[in-house]
$ cat work_9.csv   # CSV, C-alpha atoms and all ligand atoms
chain,number,residue,atom,x,y,z
A,451,MET,CA,14.7,-9.0,10.7
A,452,SER,CA,12.6,-10.5,13.4
A,453,ASP,CA,9.8,-12.8,12.2
A,454,TYR,CA,7.2,-10.8,14.0
A,455,VAL,CA,8.1,-7.7,12.1
A,456,ARG,CA,8.5,-9.5,8.8
A,457,SER,CA,5.1,-11.0,9.1
A,458,LEU,CA,3.7,-7.5,9.0
A,459,LEU,CA,6.1,-5.8,6.7
A,460,SER,CA,7.6,-7.2,3.5
A,461,GLU,CA,11.0,-6.0,2.3
A,462,GLU,CA,9.2,-3.9,-0.4
A,463,GLN,CA,6.9,-2.4,2.1
A,464,GLU,CA,9.8,-1.6,4.4
A,465,GLN,CA,11.5,0.2,1.5
A,466,SER,CA,8.3,2.1,0.8
A,467,LEU,CA,8.3,3.3,4.3
A,468,VAL,CA,11.9,4.4,4.2
A,469,ASP,CA,11.1,6.2,0.9
A,470,ALA,CA,8.1,7.9,2.5
A,471,ILE,CA,10.3,9.3,5.3
A,472,THR,CA,12.9,10.5,2.8
A,473,LYS,CA,10.2,12.2,0.8
A,474,ALA,CA,8.6,13.8,3.8
A,475,GLU,CA,11.9,15.2,4.9
A,476,LEU,CA,12.3,16.9,1.5
A,477,HIS,CA,9.8,19.5,2.8
A,478,THR,CA,11.0,20.0,6.3
A,479,SER,CA,14.1,20.1,8.5
A,480,GLY,CA,12.1,17.8,10.9
A,481,GLU,CA,13.5,14.3,11.2
A,482,ILE,CA,11.1,11.3,11.3
A,483,ARG,CA,12.0,7.8,12.5
A,484,ILE,CA,10.0,4.6,13.0
A,485,HIS,CA,10.8,2.1,15.7
A,486,LEU,CA,9.1,-1.3,15.8
A,487,GLU,CA,9.3,-3.8,18.6
A,488,LYS,CA,7.5,-6.8,19.8
A,489,SER,CA,6.1,-5.5,23.1
A,490,THR,CA,6.2,-2.6,25.5
A,491,GLY,CA,7.0,-5.0,28.4
A,492,ASN,CA,5.8,-3.4,31.6
A,493,SER,CA,5.8,0.1,30.3
A,494,SER,CA,3.2,2.1,28.5
A,495,ALA,CA,3.7,2.8,24.8
A,496,GLU,CA,4.4,6.5,25.6
A,497,GLN,CA,7.1,5.6,28.1
A,498,ARG,CA,8.7,3.3,25.5
A,499,ALA,CA,8.4,5.9,22.8
A,500,LYS,CA,10.2,8.4,25.1
A,501,GLN,CA,12.9,5.9,25.9
A,502,TRP,CA,13.6,5.0,22.3
A,503,PHE,CA,13.5,8.6,21.3
A,504,GLY,CA,16.5,9.0,23.7
A,505,LYS,CA,18.2,5.7,22.7
A,506,LEU,CA,18.1,6.7,19.0
A,507,GLU,CA,19.5,10.1,20.0
A,508,MET,CA,16.6,11.8,18.4
A,509,HIS,CA,16.9,14.8,20.8
A,510,LYS,CA,20.2,15.7,19.1
A,511,THR,CA,18.8,17.5,16.1
A,512,ALA,CA,19.6,21.2,15.8
A,513,GLU,CA,16.0,22.4,15.9
A,514,LYS,CA,14.8,19.7,18.3
A,515,ASN,CA,12.3,18.7,15.8
A,516,GLY,CA,12.5,14.9,15.7
A,517,VAL,CA,9.4,12.8,15.6
A,518,LEU,CA,9.3,9.1,16.5
A,519,PHE,CA,6.6,6.7,15.5
A,520,TYR,CA,6.7,3.9,18.1
A,521,LEU,CA,4.9,0.6,17.5
A,522,ALA,CA,4.7,-2.4,19.8
A,523,ILE,CA,3.5,-5.0,17.3
A,524,GLU,CA,2.2,-7.8,19.5
A,525,ASP,CA,0.6,-5.4,21.9
A,526,ARG,CA,-0.9,-3.5,19.0
A,527,LYS,CA,0.2,-0.2,20.6
A,528,LEU,CA,1.2,3.0,18.9
A,529,ALA,CA,2.7,6.2,20.3
A,530,LEU,CA,4.3,9.2,18.9
A,531,TRP,CA,7.1,11.2,20.6
A,532,SER,CA,8.4,14.5,19.4
A,533,GLY,CA,11.2,16.8,20.2
A,534,GLU,CA,11.0,19.9,22.4
A,535,GLY,CA,11.1,22.2,19.4
A,536,ILE,CA,7.8,20.8,18.2
A,537,ASN,CA,5.8,20.7,21.3
A,538,GLY,CA,3.7,23.8,21.7
A,539,ARG,CA,4.0,24.7,18.0
A,540,VAL,CA,1.6,22.2,16.5
A,541,PRO,CA,-2.1,22.3,17.5
A,542,ALA,CA,-3.1,20.4,20.6
A,543,ASN,CA,-5.1,17.7,18.6
A,544,PHE,CA,-2.4,17.3,16.0
A,545,TRP,CA,-0.8,14.1,17.2
A,546,GLN,CA,-4.2,12.5,18.0
A,547,GLU,CA,-5.3,13.2,14.4
A,548,ILE,CA,-2.3,11.4,13.0
A,549,ILE,CA,-2.8,8.5,15.4
A,550,ASP,CA,-6.5,8.2,14.4
A,551,LEU,CA,-5.6,8.3,10.8
A,552,MET,CA,-3.1,5.5,11.2
A,553,ILE,CA,-5.4,3.3,13.4
A,554,SER,CA,-8.2,3.6,10.8
A,555,GLU,CA,-5.8,2.0,8.3
A,556,PHE,CA,-4.4,-0.6,10.7
A,557,LYS,CA,-8.0,-1.7,11.5
A,558,VAL,CA,-8.5,-2.8,8.0
A,559,GLY,CA,-5.2,-4.5,7.8
A,560,HIS,CA,-3.3,-1.8,6.0
A,561,PHE,CA,-0.2,-1.7,8.2
A,562,SER,CA,2.4,-0.2,5.9
A,563,GLU,CA,-0.2,2.1,4.3
A,564,GLY,CA,-1.2,3.4,7.7
A,565,LEU,CA,2.4,4.1,8.6
A,566,ILE,CA,3.0,5.8,5.3
A,567,ALA,CA,-0.1,8.0,5.7
A,568,GLY,CA,1.1,9.0,9.2
A,569,VAL,CA,4.6,9.9,7.9
A,570,GLU,CA,3.2,11.9,5.0
A,571,LYS,CA,0.8,13.9,7.2
A,572,THR,CA,3.6,14.5,9.8
A,573,GLY,CA,6.0,15.7,7.0
A,574,LYS,CA,3.4,18.1,5.6
A,575,ALA,CA,2.7,19.6,9.0
A,576,LEU,CA,6.3,19.9,10.0
A,577,GLY,CA,7.0,21.7,6.7
A,578,GLU,CA,4.8,24.5,7.9
A,579,PHE,CA,6.7,25.0,11.2
A,580,PHE,CA,10.1,23.8,10.1
A,581,PRO,CA,10.6,24.4,6.4
A,582,ARG,CA,13.6,22.7,4.9
A,583,LYS,CA,16.6,24.9,4.3
A,584,ASP,CA,18.9,24.7,1.3
A,585,ASP,CA,21.7,23.4,3.5
A,586,ASP,CA,19.6,20.7,5.1
A,587,VAL,CA,21.4,17.6,6.3
A,588,ASP,CA,19.8,14.2,7.1
A,589,GLU,CA,20.4,14.4,10.8
A,590,LEU,CA,18.8,11.0,11.6
A,591,SER,CA,18.8,7.9,9.5
A,592,ASN,CA,15.5,7.1,7.6
A,593,GLU,CA,16.0,3.4,8.1
A,594,ILE,CA,13.4,1.6,10.2
A,595,SER,CA,14.6,0.8,13.7
A,596,LYS,CA,13.7,-2.5,15.3
A,597,GLY,CA,14.3,-3.6,18.8
B,601,CA,CA,17.0,16.9,7.7
B,602,CA,CA,16.2,11.6,8.3
$ encode --input "work_9.csv" --output "structure tokens"
Amino acid sequence: MSDYVRSLLSEEQEQSLVDAITKAELHTSGEIRIHLEKSTGNSSAEQRAKQWFGKLEMHKTAEKNGVLFYLAIEDRKLALWSGEGINGRVPANFWQEIIDLMISEFKVGHFSEGLIAGVEKTGKALGEFFPRKDDDVDELSNEISKG
């Protein structure tokens, strides 16, 4: 893994994050992924989040209920991007609340904890709108994506 990511996230912390995603997905058919990269380049975090959502083929879930946590490490930028099935179903301030929660943890140096808190809150909320079904499949990998 790139040094810039490893400096923020130990192997154990990365595993905890993957576990948090796996656990969150036990309650919902929604699919959560995390993508980390160094910088957004010339784009905004939202633009990059949208691009990576496509690159990771996150639009290809049956209920269009993928959620991407996008982080540009050096730029200290965070954006969330969610599938069409979700937009309009969650309250308007929903994503901002999750971002605020995560940033409050990041500010005190709790990087992996902040991410885990965001994943947990997202999983709970998605469970209300997209409950997990008995025949649920893991449509998108829970591994952390790095670019
Ligand atoms: Ca699933
Ligand atoms: Ca998954």
$ closest_atom_pairs --input "work_9.csv" --of "chain A" --to "ligand CA 601 (chain B)" --cutoff "8 Å" --atoms "all atoms listed in the file" --output "Markdown table"
| residue | atom | partner | partner_atom | distance |
| --- | --- | --- | --- | --- |
| A:Glu475 | CA | B:CA601 | CA | 6.1 |
| A:Leu476 | CA | B:CA601 | CA | 7.8 |
| A:Thr478 | CA | B:CA601 | CA | 6.9 |
| A:Ser479 | CA | B:CA601 | CA | 4.4 |
| A:Gly480 | CA | B:CA601 | CA | 5.9 |
| A:Glu481 | CA | B:CA601 | CA | 5.6 |
| A:Arg582 | CA | B:CA601 | CA | 7.3 |
| A:Asp586 | CA | B:CA601 | CA | 5.3 |
| A:Val587 | CA | B:CA601 | CA | 4.7 |
| A:Asp588 | CA | B:CA601 | CA | 3.9 |
| A:Glu589 | CA | B:CA601 | CA | 5.2 |
| A:Leu590 | CA | B:CA601 | CA | 7.3 |
$ residues_near_point --input "work_9.csv" --point "(16.8, 12.0, 17.1)" --cutoff "9 Å" --atoms "only C-alpha atoms" --output "list in words"
Glu481, Ile482, Arg483, Phe503, Gly504, Lys505, Leu506, Glu507, Met508, His509, Lys510, Thr511, Lys514, Asn515, Gly516, Val517, Leu518, Gly533, Glu589, Leu590 and Ser591 of chain A
$ atom_distance --input "work_9.csv" --atom1 "atom CA of Leu528 of chain A" --atom2 "atom CA of Ala495 of chain A"
6.4 Å
$ residues_around --input "work_9.csv" --residues "Ala499 of chain A" --least-positions-apart "2" --cutoff "7 Å" --atoms "all atoms listed in the file" --output "compact mmCIF listing (two decimals) with C-alpha atoms, in the frame of the given file"
# COMPACT_ATOMS: atom_id res chain seq x y z
CA ALA A 495 3.70 2.80 24.80
CA GLU A 496 4.40 6.50 25.60
CA GLN A 497 7.10 5.60 28.10
CA GLN A 501 12.90 5.90 25.90
CA TRP A 502 13.60 5.00 22.30
CA PHE A 503 13.50 8.60 21.30
CA TYR A 520 6.70 3.90 18.10
CA ALA A 529 2.70 6.20 20.30
CA LEU A 530 4.30 9.20 18.90
CA TRP A 531 7.10 11.20 20.60
$ closest_residue --input "work_9.csv" --among "A:Leu551, A:Gly538, A:Ser489, A:Glu513" --to "Asp525 of chain A" --atoms "only C-alpha atoms"
A:Ser489
$ atom_distance --input "work_9.csv" --atom1 "atom CA of Ala470 of chain A" --atom2 "atom CA of Glu524 of chain A"
23.9 Å
$ closest_residue --input "work_9.csv" --among "A:Pro581, A:Gly597, A:Gly573, A:Gly568" --to "ligand CA 602 (chain B)" --atoms "only C-alpha atoms and all ligand atoms"
A:Gly573
$ closest_residue --input "work_9.csv" --among "A:Ala542, A:Ile566, A:Val455, A:Ala474" --to "ligand CA 602 (chain B)" --atoms "all atoms listed in the file"
A:Ala474
$ atom_distance --input "work_9.csv" --atom1 "atom CA of Gly491 of chain A" --atom2 "atom CA of Ser466 of chain A"
28.5 Å
$ closest_residue --input "work_9.csv" --among "A:Leu486, A:Ala512, A:Ile471, A:Leu576" --to "Trp545 of chain A" --atoms "all atoms listed in the file"
A:Leu576
